[in-house]
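What follows is entry-v8.tsv (TSV, C-alpha atoms).
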```tsv
chain	number	residue	atom	x	y	z
Y	1	GLN	CA	0.00	0.00	0.00
Y	2	SER	CA	1.16	3.48	-0.71
Y	3	THR	CA	-0.03	6.81	0.58
Y	4	TRP	CA	-0.54	9.87	-1.52
Y	5	GLY	CA	-1.83	12.88	0.34
Y	6	THR	CA	-4.58	11.67	2.64
Y	7	ALA	CA	-5.94	9.04	0.25
Y	8	ARG	CA	-4.76	5.45	0.55
Y	9	ILE	CA	-4.25	3.63	-2.70
Y	10	HIS	CA	-3.99	-0.15	-2.79
Y	11	ILE	CA	-2.68	-1.44	-6.09
Y	12	MET	CA	-3.44	-5.02	-6.99
Y	13	ILE	CA	-4.74	-7.52	-9.49
Y	14	ARG	CA	-8.46	-8.15	-8.96
Y	15	PHE	CA	-8.63	-11.31	-11.06
Y	16	ILE	CA	-7.02	-13.26	-13.89
Y	17	LEU	CA	-8.87	-15.03	-16.68
Y	18	LEU	CA	-7.60	-17.38	-19.38
Y	19	GLN	CA	-10.29	-17.84	-22.01
Y	20	ASN	CA	-10.37	-19.41	-25.42
Y	21	ARG	CA	-11.88	-17.76	-28.50
Y	22	GLN	CA	-15.21	-19.50	-27.90
Y	23	GLY	CA	-15.50	-17.95	-24.43
Y	24	LYS	CA	-14.70	-21.05	-22.39
Y	25	THR	CA	-12.80	-20.00	-19.28
Y	26	ARG	CA	-9.81	-22.30	-18.88
Y	27	LEU	CA	-8.47	-20.69	-15.72
Y	28	SER	CA	-9.74	-18.04	-13.33
Y	29	LYS	CA	-8.09	-16.75	-10.20
Y	30	TRP	CA	-9.91	-14.20	-8.04
Y	31	TYR	CA	-8.02	-11.95	-5.63
Y	32	ALA	CA	-11.01	-9.81	-4.67
Y	33	PRO	CA	-14.37	-11.07	-3.40
Y	34	PHE	CA	-17.09	-11.54	-6.02
Y	35	GLU	CA	-20.32	-13.52	-5.86
Y	36	ASP	CA	-20.52	-16.55	-8.19
Y	37	ALA	CA	-23.18	-14.90	-10.36
Y	38	GLU	CA	-21.02	-11.79	-10.68
Y	39	LYS	CA	-18.00	-13.92	-11.63
Y	40	ARG	CA	-19.93	-15.56	-14.47
Y	41	LYS	CA	-21.19	-12.17	-15.64
Y	42	LEU	CA	-17.67	-10.71	-15.56
Y	43	GLN	CA	-16.26	-13.65	-17.52
Y	44	ASP	CA	-18.89	-13.22	-20.22
Y	45	GLU	CA	-18.50	-9.44	-20.42
Y	46	ILE	CA	-14.72	-9.56	-20.57
Y	47	HIS	CA	-14.73	-12.26	-23.22
Y	48	ARG	CA	-17.07	-10.21	-25.41
Y	49	LEU	CA	-14.91	-7.13	-24.81
Y	50	VAL	CA	-11.53	-8.62	-25.74
Y	51	VAL	CA	-12.67	-10.87	-28.60
Y	52	ALA	CA	-14.49	-8.07	-30.40
Y	53	ARG	CA	-11.66	-5.56	-29.94
Y	54	ASP	CA	-9.74	-4.55	-33.05
Y	55	PRO	CA	-6.14	-5.92	-32.94
Y	56	LYS	CA	-4.91	-2.45	-33.93
Y	57	HIS	CA	-6.08	-1.06	-30.58
Y	58	THR	CA	-4.10	-1.20	-27.36
Y	59	ASN	CA	-4.27	-4.27	-25.17
Y	60	PHE	CA	-5.83	-2.40	-22.28
Y	61	VAL	CA	-9.30	-0.99	-21.87
Y	62	GLU	CA	-11.16	0.72	-19.06
Y	63	PHE	CA	-13.86	-1.51	-17.64
Y	64	ARG	CA	-16.21	-0.30	-14.90
Y	65	ASN	CA	-13.86	1.27	-12.33
Y	66	TYR	CA	-10.89	-0.87	-13.37
Y	67	LYS	CA	-8.68	-1.69	-16.33
Y	68	ILE	CA	-8.57	-4.91	-18.27
Y	69	ILE	CA	-5.11	-5.71	-19.60
Y	70	TYR	CA	-5.13	-8.62	-22.00
Y	71	ARG	CA	-2.98	-10.41	-24.51
Y	72	ARG	CA	-3.80	-13.08	-27.03
Y	73	TYR	CA	-1.54	-16.06	-27.53
Y	74	ALA	CA	-2.72	-18.47	-30.24
Y	75	GLY	CA	-6.34	-19.19	-29.33
Y	76	LEU	CA	-6.17	-18.03	-25.70
Y	77	PHE	CA	-6.83	-14.64	-24.17
Y	78	PHE	CA	-4.94	-13.87	-20.95
Y	79	SER	CA	-6.83	-11.08	-19.15
Y	80	LEU	CA	-6.06	-9.25	-15.92
Y	81	CYS	CA	-8.35	-6.86	-14.11
Y	82	VAL	CA	-6.32	-4.23	-12.26
Y	83	ASP	CA	-6.84	-0.93	-10.53
Y	84	ILE	CA	-7.34	2.07	-12.80
Y	85	ALA	CA	-4.10	3.74	-11.64
Y	86	ASP	CA	-1.87	0.72	-12.32
Y	87	ASN	CA	0.80	0.68	-15.01
Y	88	GLU	CA	-0.51	-1.21	-18.05
Y	89	LEU	CA	2.90	-2.08	-19.46
Y	90	THR	CA	3.94	-3.76	-16.21
Y	91	TYR	CA	1.00	-6.12	-16.49
Y	92	LEU	CA	1.51	-6.76	-20.20
Y	93	GLU	CA	5.05	-7.83	-19.32
Y	94	PHE	CA	3.69	-9.97	-16.49
Y	95	ILE	CA	1.33	-11.77	-18.88
Y	96	HIS	CA	4.24	-12.40	-21.24
Y	97	LEU	CA	6.38	-13.74	-18.38
Y	98	PHE	CA	3.54	-16.04	-17.29
Y	99	VAL	CA	3.24	-17.42	-20.82
Y	100	GLU	CA	7.03	-17.88	-21.06
Y	101	VAL	CA	7.08	-19.79	-17.77
Y	102	LEU	CA	4.15	-21.95	-18.91
Y	103	ASP	CA	5.90	-22.55	-22.22
Y	104	GLN	CA	9.16	-23.55	-20.58
Y	105	TYR	CA	7.45	-25.71	-17.95
Y	106	PHE	CA	5.18	-27.62	-20.35
Y	107	GLY	CA	7.42	-27.41	-23.42
Y	108	ASN	CA	5.45	-25.38	-25.96
Y	109	VAL	CA	2.27	-25.00	-23.91
Y	110	CYS	CA	-1.16	-25.43	-25.51
Y	111	GLU	CA	-4.73	-25.10	-24.30
Y	112	LEU	CA	-4.96	-28.80	-23.46
Y	113	ASP	CA	-1.97	-28.48	-21.11
Y	114	LEU	CA	-3.97	-25.92	-19.15
Y	115	VAL	CA	-7.06	-28.13	-19.09
Y	116	PHE	CA	-5.38	-31.37	-18.04
Y	117	ASN	CA	-2.79	-29.81	-15.72
Y	118	PHE	CA	-4.86	-27.02	-14.20
Y	119	GLN	CA	-3.47	-27.63	-10.70
Y	120	LYS	CA	0.09	-27.13	-11.95
Y	121	VAL	CA	-0.98	-23.92	-13.70
Y	122	TYR	CA	-2.48	-22.67	-10.43
Y	123	ASN	CA	0.78	-23.59	-8.67
Y	124	ILE	CA	2.74	-21.54	-11.22
Y	125	LEU	CA	0.41	-18.59	-10.72
Y	126	ASP	CA	0.69	-18.93	-6.94
Y	127	GLU	CA	4.48	-18.79	-7.21
Y	128	MET	CA	4.18	-15.52	-9.16
Y	129	ILE	CA	1.34	-13.73	-7.36
Y	130	LEU	CA	0.43	-13.50	-3.70
Y	131	GLY	CA	-2.81	-11.85	-2.65
Y	132	GLY	CA	-3.18	-10.04	-5.96
Y	133	GLU	CA	0.33	-8.60	-5.96
Y	134	VAL	CA	3.16	-9.76	-8.22
Y	135	MET	CA	5.81	-11.31	-5.99
Y	136	GLU	CA	8.27	-13.00	-8.37
Y	137	THR	CA	9.39	-11.93	-11.83
Y	138	SER	CA	12.57	-13.97	-12.29
Y	139	LYS	CA	11.99	-16.83	-14.71
Y	140	ALA	CA	15.06	-18.69	-13.39
Y	141	ILE	CA	13.86	-18.49	-9.78
Y	142	LEU	CA	10.34	-19.51	-10.79
Y	143	MET	CA	11.56	-22.54	-12.72
Y	144	GLY	CA	13.74	-23.58	-9.76
Y	145	GLN	CA	10.78	-23.30	-7.39
Y	146	LEU	CA	8.59	-25.32	-9.77
Y	147	ARG	CA	11.23	-28.06	-10.02
Y	148	GLU	CA	11.25	-28.23	-6.22
Y	149	LEU	CA	7.45	-28.50	-6.15
Y	150	ASP	CA	7.56	-31.28	-8.74
Y	151	LYS	CA	9.65	-33.38	-6.35
Y	152	PHE	CA	6.52	-33.74	-4.19
Y	153	ASP	CA	4.48	-35.27	-7.04
```
Could you express the structure from this file as structure tokens?
Amino acid sequence: QSTWGTARIHIMIRFILLQNRQGKTRLSKWYAPFEDAEKRKLQDEIHRLVVARDPKHTNFVEFRNYKIIYRRYAGLFFSLCVDIADNELTYLEFIHLFVEVLDQYFGNVCELDLVFNFQKVYNILDEMILGGEVMETSKAILMGQLRELDKFD
């Protein structure tokens, strides 16, 4: 948390969605409380928003009182909902790092890897983010931690 004047600003990721082009959510991680009905509504709205968006536009868009930062890799959309004051480029880089880690871990990751190994994908995300805040950005450290976790399997 940081203080600016008398206002307190808490910067964090609200949620992460991985969705395919058809709108099927392959992974969702929520760092802020939402009711189940609201989660489903958000997933539908965000899918419609990012799929219909012209590729010539930026990969971030204001949504309600937040920003959606997204990136498309093959047939998957990786979307983050963050606070309006957050730096978009930081989160675009985070999405890219997440995809690189997935790619290195699974060896050319595809949608089916996410479906059949969803628990490992959540583990990877948990190594990178804690409570909605990015905690680790070193690919080498992440891969080392994941190798250690694999020893328990």
Which distance in Å separates atom CA of Y:Asn117 and atom CA of Y:Leu102, to one decimal?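 Computing the Euclidean distance for atom CA of Y:Asn117 and atom CA of Y:Leu102 yields 11.0 Å.
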Tell me, in Å to one decimal, how far atom CA of Y:Glu45 is from atom CA of Y:Asn65. 14.2 Å
Write out as a list in words the residues lying within 8 Å of stretch 11-19 of chain Y, counting all atoms listed in the file and excluding same-chain residues fewer than 6 positions away.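 Skipping anything fewer than 6 positions along the chain leaves Gln1, Thr25, Arg26, Leu27, Ser28, Lys29, Trp30, Tyr31, Ala32, Gln43, His47, Leu76, Phe77, Phe78, Ser79, Leu80, Cys81, Val82, Asp83, Ala85, Asp86, Gly132 and Glu133 of chain Y.
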Within 9 Å of (-10.1, -5.3, -23.9), all atoms listed in the file: residues as an mmCIF file with C-alpha atoms, in the frame of the given file?
```
data_model
loop_
_atom_site.group_PDB
_atom_site.id
_atom_site.type_symbol
_atom_site.label_atom_id
_atom_site.label_comp_id
_atom_site.auth_asym_id
_atom_site.auth_seq_id
_atom_site.Cartn_x
_atom_site.Cartn_y
_atom_site.Cartn_z
ATOM 1 C CA ILE Y 46 -14.720 -9.560 -20.570
ATOM 2 C CA HIS Y 47 -14.730 -12.260 -23.220
ATOM 3 C CA ARG Y 48 -17.070 -10.210 -25.410
ATOM 4 C CA LEU Y 49 -14.910 -7.130 -24.810
ATOM 5 C CA VAL Y 50 -11.530 -8.620 -25.740
ATOM 6 C CA VAL Y 51 -12.670 -10.870 -28.600
ATOM 7 C CA ALA Y 52 -14.490 -8.070 -30.400
ATOM 8 C CA ARG Y 53 -11.660 -5.560 -29.940
ATOM 9 C CA HIS Y 57 -6.080 -1.060 -30.580
ATOM 10 C CA THR Y 58 -4.100 -1.200 -27.360
ATOM 11 C CA ASN Y 59 -4.270 -4.270 -25.170
ATOM 12 C CA PHE Y 60 -5.830 -2.400 -22.280
ATOM 13 C CA VAL Y 61 -9.300 -0.990 -21.870
ATOM 14 C CA GLU Y 62 -11.160 0.720 -19.060
ATOM 15 C CA PHE Y 63 -13.860 -1.510 -17.640
ATOM 16 C CA LYS Y 67 -8.680 -1.690 -16.330
ATOM 17 C CA ILE Y 68 -8.570 -4.910 -18.270
ATOM 18 C CA ILE Y 69 -5.110 -5.710 -19.600
ATOM 19 C CA TYR Y 70 -5.130 -8.620 -22.000
ATOM 20 C CA ARG Y 71 -2.980 -10.410 -24.510
ATOM 21 C CA SER Y 79 -6.830 -11.080 -19.150
#
```
Between Y:Ala74, Y:Leu89, Y:Val101, Y:Ile129, which is the closest to Y:Ile141 once you count all atoms listed in the file?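 Checking each of Y:Ala74, Y:Leu89, Y:Val101, Y:Ile129 against Y:Ile141, counting all atoms listed in the file, the winner is Y:Val101.
The coordinates place atom CA of Y:Phe94 at 8.3 Å from atom CA of Y:Val134.
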Counting only C-alpha atoms, the residue of Y:Lys56, Y:Glu93, Y:Lys139, Y:Lys24 that sits nearest Y:Asp44: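 Counting only C-alpha atoms, the residue closest to Y:Asp44 is Y:Lys24.
Here the question is which of Y:Leu97, Y:Leu92, Y:Gly107, Y:Phe116 gets nearest to Y:Leu142 using all atoms listed in the file, and that residue is Y:Leu97.
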Which neighbours of Y:Arg147 fall inside 12 Å, counting only C-alpha atoms, when residues of the same chain fewer than 6 positions from it are skipped, and could you give them as a ChimeraX atom specification? /Y:104-106,120,123-124,127,140-141,153
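Closest to Y:Leu42 among Y:Arg64, Y:Leu130, Y:Met135, Y:Glu148 is Y:Arg64, based on only C-alpha atoms.
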Could you add whatever atoms are missing so that stretch 103-114 of chain Y carries all heavy atoms, then write the result as a compact mmCIF listing (two decimals), in the frame of the given file?
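Dumped everything to result29.txt:
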```txt
# COMPACT_ATOMS: atom_id res chain seq x y z
N ASP Y 103 5.28 -21.96 -21.04
CA ASP Y 103 5.90 -22.55 -22.22
C ASP Y 103 7.13 -23.38 -21.84
O ASP Y 103 7.32 -24.49 -22.34
CB ASP Y 103 6.28 -21.44 -23.19
CG ASP Y 103 6.13 -21.84 -24.63
OD1 ASP Y 103 5.20 -22.62 -24.93
OD2 ASP Y 103 6.94 -21.39 -25.45
N GLN Y 104 7.96 -22.83 -20.98
CA GLN Y 104 9.16 -23.55 -20.58
C GLN Y 104 8.80 -24.76 -19.71
O GLN Y 104 9.40 -25.83 -19.85
CB GLN Y 104 10.10 -22.62 -19.81
CG GLN Y 104 11.46 -23.21 -19.55
CD GLN Y 104 12.45 -22.19 -19.02
OE1 GLN Y 104 12.24 -20.98 -19.14
NE2 GLN Y 104 13.52 -22.67 -18.42
N TYR Y 105 7.83 -24.62 -18.85
CA TYR Y 105 7.45 -25.71 -17.95
C TYR Y 105 6.82 -26.88 -18.72
O TYR Y 105 7.16 -28.03 -18.49
CB TYR Y 105 6.49 -25.19 -16.88
CG TYR Y 105 6.14 -26.23 -15.85
CD1 TYR Y 105 7.01 -26.50 -14.80
CD2 TYR Y 105 4.95 -26.93 -15.92
CE1 TYR Y 105 6.71 -27.47 -13.85
CE2 TYR Y 105 4.64 -27.90 -14.97
CZ TYR Y 105 5.51 -28.15 -13.94
OH TYR Y 105 5.20 -29.11 -13.01
N PHE Y 106 5.89 -26.57 -19.62
CA PHE Y 106 5.18 -27.62 -20.35
C PHE Y 106 5.85 -27.97 -21.67
O PHE Y 106 5.49 -28.97 -22.28
CB PHE Y 106 3.72 -27.21 -20.62
CG PHE Y 106 2.87 -27.18 -19.39
CD1 PHE Y 106 2.45 -25.98 -18.86
CD2 PHE Y 106 2.50 -28.35 -18.76
CE1 PHE Y 106 1.67 -25.95 -17.72
CE2 PHE Y 106 1.72 -28.33 -17.62
CZ PHE Y 106 1.30 -27.12 -17.10
N GLY Y 107 6.79 -27.16 -22.13
CA GLY Y 107 7.42 -27.41 -23.42
C GLY Y 107 6.46 -27.10 -24.54
O GLY Y 107 5.74 -27.99 -25.00
N ASN Y 108 6.38 -25.86 -24.93
CA ASN Y 108 5.45 -25.38 -25.96
C ASN Y 108 4.00 -25.62 -25.52
O ASN Y 108 3.29 -26.47 -26.04
CB ASN Y 108 5.72 -26.05 -27.31
CG ASN Y 108 5.14 -25.24 -28.44
OD1 ASN Y 108 4.73 -24.10 -28.26
ND2 ASN Y 108 5.08 -25.84 -29.62
N VAL Y 109 3.58 -24.85 -24.55
CA VAL Y 109 2.27 -25.00 -23.91
C VAL Y 109 1.12 -24.82 -24.91
O VAL Y 109 1.23 -24.05 -25.86
CB VAL Y 109 2.11 -24.01 -22.74
CG1 VAL Y 109 2.02 -22.58 -23.22
CG2 VAL Y 109 0.93 -24.36 -21.87
N CYS Y 110 0.05 -25.59 -24.70
CA CYS Y 110 -1.16 -25.43 -25.51
C CYS Y 110 -2.36 -25.45 -24.56
O CYS Y 110 -2.22 -25.72 -23.37
CB CYS Y 110 -1.27 -26.52 -26.57
SG CYS Y 110 -1.55 -28.16 -25.88
N GLU Y 111 -3.51 -25.18 -25.12
CA GLU Y 111 -4.73 -25.10 -24.30
C GLU Y 111 -4.99 -26.39 -23.53
O GLU Y 111 -5.41 -26.36 -22.37
CB GLU Y 111 -5.92 -24.76 -25.20
CG GLU Y 111 -7.20 -24.51 -24.46
CD GLU Y 111 -8.33 -24.06 -25.35
OE1 GLU Y 111 -8.09 -23.64 -26.50
OE2 GLU Y 111 -9.49 -24.13 -24.90
N LEU Y 112 -4.73 -27.52 -24.14
CA LEU Y 112 -4.96 -28.80 -23.46
C LEU Y 112 -4.06 -29.00 -22.24
O LEU Y 112 -4.46 -29.63 -21.26
CB LEU Y 112 -4.79 -29.97 -24.43
CG LEU Y 112 -5.87 -30.09 -25.50
CD1 LEU Y 112 -5.57 -31.24 -26.44
CD2 LEU Y 112 -7.24 -30.26 -24.86
N ASP Y 113 -2.84 -28.43 -22.29
CA ASP Y 113 -1.97 -28.48 -21.11
C ASP Y 113 -2.63 -27.79 -19.93
O ASP Y 113 -2.55 -28.25 -18.79
CB ASP Y 113 -0.62 -27.81 -21.39
CG ASP Y 113 0.23 -28.60 -22.36
OD1 ASP Y 113 0.21 -29.84 -22.29
OD2 ASP Y 113 0.90 -27.97 -23.20
N LEU Y 114 -3.29 -26.66 -20.21
CA LEU Y 114 -3.97 -25.92 -19.15
C LEU Y 114 -5.17 -26.69 -18.61
O LEU Y 114 -5.44 -26.67 -17.41
CB LEU Y 114 -4.43 -24.55 -19.67
CG LEU Y 114 -3.35 -23.65 -20.28
CD1 LEU Y 114 -3.96 -22.36 -20.78
CD2 LEU Y 114 -2.24 -23.39 -19.30
```
